[in-house]
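A.B. asks: My structure file coords.cif, mmCIF, N, CA and C atoms, is below:
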```cif
data_run
loop_
_atom_site.group_PDB
_atom_site.id
_atom_site.type_symbol
_atom_site.label_atom_id
_atom_site.label_comp_id
_atom_site.auth_asym_id
_atom_site.auth_seq_id
_atom_site.Cartn_x
_atom_site.Cartn_y
_atom_site.Cartn_z
ATOM 1 N N MET U 10 55.798 -40.509 9.708
ATOM 2 C CA MET U 10 55.606 -39.224 9.076
ATOM 3 C C MET U 10 54.281 -38.642 9.555
ATOM 4 N N SER U 11 54.260 -37.350 9.846
ATOM 5 C CA SER U 11 53.061 -36.705 10.360
ATOM 6 C C SER U 11 52.071 -36.407 9.236
ATOM 7 N N ILE U 12 50.861 -36.146 9.639
ATOM 8 C CA ILE U 12 49.819 -35.794 8.675
ATOM 9 C C ILE U 12 50.180 -34.489 7.972
ATOM 10 N N GLU U 13 50.724 -33.529 8.730
ATOM 11 C CA GLU U 13 51.113 -32.254 8.138
ATOM 12 C C GLU U 13 52.211 -32.443 7.094
ATOM 13 N N GLN U 14 53.173 -33.311 7.386
ATOM 14 C CA GLN U 14 54.258 -33.566 6.436
ATOM 15 C C GLN U 14 53.722 -34.252 5.188
ATOM 16 N N ASP U 15 52.805 -35.194 5.367
ATOM 17 C CA ASP U 15 52.177 -35.856 4.211
ATOM 18 C C ASP U 15 51.453 -34.841 3.331
ATOM 19 N N ALA U 16 50.714 -33.925 3.956
ATOM 20 C CA ALA U 16 49.977 -32.920 3.201
ATOM 21 C C ALA U 16 50.936 -31.994 2.449
ATOM 22 N N GLN U 17 52.019 -31.602 3.097
ATOM 23 C CA GLN U 17 52.993 -30.723 2.440
ATOM 24 C C GLN U 17 53.673 -31.448 1.278
ATOM 25 N N ASP U 18 54.017 -32.715 1.465
ATOM 26 C CA ASP U 18 54.617 -33.492 0.384
ATOM 27 C C ASP U 18 53.656 -33.620 -0.787
ATOM 28 N N ASN U 19 52.373 -33.821 -0.490
ATOM 29 C CA ASN U 19 51.373 -33.940 -1.539
ATOM 30 C C ASN U 19 51.265 -32.630 -2.324
ATOM 31 N N LEU U 20 51.286 -31.496 -1.633
ATOM 32 C CA LEU U 20 51.223 -30.206 -2.311
ATOM 33 C C LEU U 20 52.452 -29.981 -3.184
ATOM 34 N N LYS U 21 53.611 -30.382 -2.710
ATOM 35 C CA LYS U 21 54.831 -30.250 -3.509
ATOM 36 C C LYS U 21 54.747 -31.121 -4.752
ATOM 37 N N TYR U 22 54.210 -32.321 -4.599
ATOM 38 C CA TYR U 22 54.044 -33.210 -5.748
ATOM 39 C C TYR U 22 53.064 -32.605 -6.762
ATOM 40 N N GLN U 23 51.961 -32.053 -6.269
ATOM 41 C CA GLN U 23 50.985 -31.451 -7.169
ATOM 42 C C GLN U 23 51.595 -30.288 -7.943
ATOM 43 N N ARG U 24 52.402 -29.480 -7.281
ATOM 44 C CA ARG U 24 53.076 -28.376 -7.958
ATOM 45 C C ARG U 24 54.015 -28.911 -9.040
ATOM 46 N N TRP U 25 54.792 -29.927 -8.683
ATOM 47 C CA TRP U 25 55.727 -30.519 -9.646
ATOM 48 C C TRP U 25 54.966 -31.059 -10.854
ATOM 49 N N LEU U 26 53.864 -31.758 -10.605
ATOM 50 C CA LEU U 26 53.072 -32.320 -11.700
ATOM 51 C C LEU U 26 52.499 -31.210 -12.574
ATOM 52 N N ALA U 27 51.989 -30.163 -11.968
ATOM 53 C CA ALA U 27 51.449 -29.039 -12.735
ATOM 54 C C ALA U 27 52.523 -28.424 -13.623
ATOM 55 N N GLU U 28 53.695 -28.184 -13.064
ATOM 56 C CA GLU U 28 54.780 -27.594 -13.850
ATOM 57 C C GLU U 28 55.225 -28.520 -14.976
ATOM 58 N N SER U 29 55.265 -29.809 -14.705
ATOM 59 C CA SER U 29 55.672 -30.782 -15.719
ATOM 60 C C SER U 29 54.663 -30.853 -16.855
ATOM 61 N N LEU U 30 53.383 -30.848 -16.504
ATOM 62 C CA LEU U 30 52.342 -30.893 -17.533
ATOM 63 C C LEU U 30 52.386 -29.657 -18.423
ATOM 64 N N VAL U 31 52.550 -28.494 -17.818
ATOM 65 C CA VAL U 31 52.611 -27.259 -18.606
ATOM 66 C C VAL U 31 53.835 -27.273 -19.510
ATOM 67 N N ALA U 32 54.968 -27.728 -18.995
ATOM 68 C CA ALA U 32 56.187 -27.778 -19.799
ATOM 69 C C ALA U 32 56.043 -28.745 -20.972
ATOM 70 N N SER U 33 55.315 -29.833 -20.765
ATOM 71 C CA SER U 33 55.157 -30.856 -21.805
ATOM 72 C C SER U 33 54.036 -30.546 -22.792
ATOM 73 N N LEU U 34 52.917 -30.052 -22.272
ATOM 74 C CA LEU U 34 51.704 -29.941 -23.081
ATOM 75 C C LEU U 34 51.259 -28.515 -23.360
ATOM 76 N N GLY U 35 51.740 -27.582 -22.585
ATOM 77 C CA GLY U 35 51.213 -26.227 -22.639
ATOM 78 C C GLY U 35 50.106 -26.085 -21.606
ATOM 79 N N TYR U 36 49.790 -24.835 -21.277
ATOM 80 C CA TYR U 36 48.848 -24.567 -20.187
ATOM 81 C C TYR U 36 47.453 -25.127 -20.450
ATOM 82 N N ASP U 37 46.877 -24.828 -21.597
ATOM 83 C CA ASP U 37 45.491 -25.249 -21.873
ATOM 84 C C ASP U 37 45.323 -26.760 -21.858
ATOM 85 N N LYS U 38 46.244 -27.474 -22.477
ATOM 86 C CA LYS U 38 46.149 -28.938 -22.491
ATOM 87 C C LYS U 38 46.402 -29.506 -21.100
ATOM 88 N N ALA U 39 47.274 -28.876 -20.318
ATOM 89 C CA ALA U 39 47.531 -29.336 -18.955
ATOM 90 C C ALA U 39 46.261 -29.225 -18.113
ATOM 91 N N VAL U 40 45.542 -28.129 -18.266
ATOM 92 C CA VAL U 40 44.278 -27.957 -17.548
ATOM 93 C C VAL U 40 43.291 -29.041 -17.958
ATOM 94 N N LYS U 41 43.190 -29.292 -19.245
ATOM 95 C CA LYS U 41 42.267 -30.312 -19.756
ATOM 96 C C LYS U 41 42.600 -31.699 -19.203
ATOM 97 N N VAL U 42 43.885 -32.044 -19.193
ATOM 98 C CA VAL U 42 44.307 -33.348 -18.674
ATOM 99 C C VAL U 42 43.968 -33.469 -17.193
ATOM 100 N N CYS U 43 44.245 -32.431 -16.429
ATOM 101 C CA CYS U 43 43.943 -32.472 -14.995
ATOM 102 C C CYS U 43 42.465 -32.721 -14.740
ATOM 103 N N LEU U 44 41.611 -32.048 -15.494
ATOM 104 C CA LEU U 44 40.172 -32.238 -15.310
ATOM 105 C C LEU U 44 39.729 -33.625 -15.757
ATOM 106 N N GLU U 45 40.255 -34.108 -16.878
ATOM 107 C CA GLU U 45 39.887 -35.436 -17.376
ATOM 108 C C GLU U 45 40.335 -36.543 -16.419
ATOM 109 N N MET U 46 41.479 -36.342 -15.765
ATOM 110 C CA MET U 46 42.020 -37.355 -14.864
ATOM 111 C C MET U 46 41.577 -37.144 -13.412
ATOM 112 N N CYS U 47 40.768 -36.116 -13.172
ATOM 113 C CA CYS U 47 40.287 -35.771 -11.824
ATOM 114 C C CYS U 47 41.435 -35.436 -10.875
ATOM 115 N N TRP U 48 42.442 -34.757 -11.386
ATOM 116 C CA TRP U 48 43.586 -34.308 -10.583
ATOM 117 C C TRP U 48 43.298 -32.884 -10.123
ATOM 118 N N TYR U 49 42.361 -32.737 -9.214
ATOM 119 C CA TYR U 49 41.880 -31.420 -8.833
ATOM 120 C C TYR U 49 42.904 -30.619 -8.027
ATOM 121 N N GLY U 50 43.746 -31.258 -7.264
ATOM 122 C CA GLY U 50 44.794 -30.538 -6.559
ATOM 123 C C GLY U 50 45.776 -29.908 -7.529
ATOM 124 N N THR U 51 46.162 -30.651 -8.547
ATOM 125 C CA THR U 51 47.073 -30.136 -9.571
ATOM 126 C C THR U 51 46.374 -29.064 -10.396
ATOM 127 N N TRP U 52 45.118 -29.282 -10.721
ATOM 128 C CA TRP U 52 44.330 -28.283 -11.441
ATOM 129 C C TRP U 52 44.264 -26.983 -10.644
ATOM 130 N N ASN U 53 44.134 -27.099 -9.311
ATOM 131 C CA ASN U 53 44.081 -25.924 -8.452
ATOM 132 C C ASN U 53 45.360 -25.094 -8.573
ATOM 133 N N PHE U 54 46.525 -25.752 -8.630
ATOM 134 C CA PHE U 54 47.775 -25.028 -8.822
ATOM 135 C C PHE U 54 47.763 -24.272 -10.149
ATOM 136 N N LEU U 55 47.273 -24.903 -11.188
ATOM 137 C CA LEU U 55 47.222 -24.251 -12.498
ATOM 138 C C LEU U 55 46.293 -23.032 -12.470
ATOM 139 N N MET U 56 45.182 -23.139 -11.773
ATOM 140 C CA MET U 56 44.244 -22.019 -11.684
ATOM 141 C C MET U 56 44.859 -20.866 -10.895
ATOM 142 N N LYS U 57 45.565 -21.163 -9.829
ATOM 143 C CA LYS U 57 46.204 -20.122 -9.032
ATOM 144 C C LYS U 57 47.260 -19.391 -9.846
ATOM 145 N N GLU U 58 48.030 -20.133 -10.626
ATOM 146 C CA GLU U 58 49.049 -19.492 -11.452
ATOM 147 C C GLU U 58 48.403 -18.647 -12.539
ATOM 148 N N LYS U 59 47.295 -19.097 -13.073
ATOM 149 C CA LYS U 59 46.576 -18.328 -14.098
ATOM 150 C C LYS U 59 46.097 -17.004 -13.517
ATOM 151 N N ASP U 60 45.643 -17.036 -12.274
ATOM 152 C CA ASP U 60 45.125 -15.835 -11.613
ATOM 153 C C ASP U 60 46.232 -14.969 -11.023
ATOM 154 N N GLY U 61 47.475 -15.397 -11.147
ATOM 155 C CA GLY U 61 48.586 -14.612 -10.630
ATOM 156 C C GLY U 61 48.889 -14.848 -9.172
ATOM 157 N N CYS U 62 48.223 -15.810 -8.567
ATOM 158 C CA CYS U 62 48.481 -16.137 -7.164
ATOM 159 C C CYS U 62 49.296 -17.423 -7.123
ATOM 160 N N LEU U 63 50.505 -17.319 -6.660
ATOM 161 C CA LEU U 63 51.310 -18.520 -6.548
ATOM 162 C C LEU U 63 50.926 -19.268 -5.284
ATOM 163 N N ALA U 64 50.920 -20.577 -5.370
ATOM 164 C CA ALA U 64 50.582 -21.397 -4.218
ATOM 165 C C ALA U 64 51.600 -21.186 -3.102
ATOM 166 N N GLU U 65 51.159 -21.349 -1.884
ATOM 167 C CA GLU U 65 52.023 -21.123 -0.734
ATOM 168 C C GLU U 65 52.789 -22.380 -0.363
ATOM 169 N N VAL U 66 53.403 -22.998 -1.332
ATOM 170 C CA VAL U 66 54.219 -24.176 -1.111
ATOM 171 C C VAL U 66 55.605 -23.864 -1.638
ATOM 172 N N PRO U 67 56.627 -24.009 -0.791
ATOM 173 C CA PRO U 67 57.975 -23.701 -1.290
ATOM 174 C C PRO U 67 58.364 -24.625 -2.425
ATOM 175 N N HIS U 68 58.933 -24.068 -3.456
ATOM 176 C CA HIS U 68 59.356 -24.845 -4.615
ATOM 177 C C HIS U 68 60.784 -25.325 -4.387
ATOM 178 N N THR U 69 60.986 -26.636 -4.401
ATOM 179 C CA THR U 69 62.311 -27.179 -4.125
ATOM 180 C C THR U 69 63.066 -27.509 -5.388
ATOM 181 N N GLY U 70 62.370 -27.687 -6.504
ATOM 182 C CA GLY U 70 63.023 -28.042 -7.748
ATOM 183 C C GLY U 70 63.349 -29.517 -7.843
ATOM 184 N N GLN U 71 62.966 -30.305 -6.852
ATOM 185 C CA GLN U 71 63.257 -31.727 -6.873
ATOM 186 C C GLN U 71 62.031 -32.484 -7.388
ATOM 187 N N ALA U 72 62.270 -33.439 -8.221
ATOM 188 C CA ALA U 72 61.197 -34.270 -8.736
ATOM 189 C C ALA U 72 60.830 -35.338 -7.707
ATOM 190 N N PHE U 73 59.559 -35.571 -7.551
ATOM 191 C CA PHE U 73 59.110 -36.624 -6.651
ATOM 192 C C PHE U 73 58.978 -37.910 -7.437
ATOM 193 N N VAL U 74 59.402 -39.002 -6.841
ATOM 194 C CA VAL U 74 59.340 -40.261 -7.541
ATOM 195 C C VAL U 74 58.156 -41.101 -7.130
ATOM 196 N N GLU U 75 57.564 -40.815 -6.004
ATOM 197 C CA GLU U 75 56.409 -41.591 -5.604
ATOM 198 C C GLU U 75 55.139 -40.807 -5.856
ATOM 199 N N ALA U 76 54.104 -41.489 -6.220
ATOM 200 C CA ALA U 76 52.829 -40.851 -6.530
ATOM 201 C C ALA U 76 52.129 -40.427 -5.250
ATOM 202 N N ALA U 77 51.313 -39.413 -5.384
ATOM 203 C CA ALA U 77 50.551 -38.923 -4.229
ATOM 204 C C ALA U 77 49.366 -39.815 -3.988
#
```
Output the structure of this file as structure tokens.
C.D. replies:
Amino acid sequence: MSIEQDAQDNLKYQRWLAESLVASLGYDKAVKVCLEMCWYGTWNFLMKEKDGCLAEVPHTGQAFVEAA
């Protein structure tokens, strides 16, 4: 697997995690959890959505089973 593919997979995972956290906890608690756990990539997705800028990662709707 290439470095570019790894990076894209990681971004897709971060998006999935951000969406899952918001669905489970709500936006504010999801942000808090990301910061407490040092999940800055996932936190970045939440900040972009808050600002109205969607991340430039295609959303596939598939859950990732392996951790980033």
A.B. asks: In the coordinate frame of the file, compute which residues have an atom within 7 Å of (53.6, -23.1, -13.7) when using only C-alpha atoms, and state them as a PyMOL selection string.
C.D. replies: chain U and resi 27-28+31+55+58
A.B. asks: Given the file shown, determine the residues that the PyMOL selection byres ((chain U and resi 23) around 8) selects; report them as a list in words.
C.D. replies: Gln17, Asp18, Asn19, Leu20, Lys21, Tyr22, Arg24, Trp25, Leu26, Ala27, Glu28, Ser29, Gly50, Thr51, Trp52, Phe54, Leu55 and Ala77 of chain U
A.B. asks: Quick one: distance from atom N of Asp15 (chain U) to atom N of Asn53 (chain U) in Å, one decimal?
C.D. replies: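 Atom N of Asn53 (chain U) lies 18.9 Å from atom N of Asp15 (chain U).
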A.B. asks: Could you state the separation of CA of Ala39 (chain U) and atom C of Gln14 (chain U) in Å, given to one decimal place?
C.D. replies: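 Calculated distance between CA of Ala39 (chain U) and atom C of Gln14 (chain U) is 25.4 Å.
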A.B. asks: How far is it from CA of Leu30 (chain U) to CA of Trp48 (chain U), in Å with one decimal?
C.D. replies: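 Atom-to-atom, CA of Leu30 (chain U) to CA of Trp48 (chain U), that is 11.7 Å.
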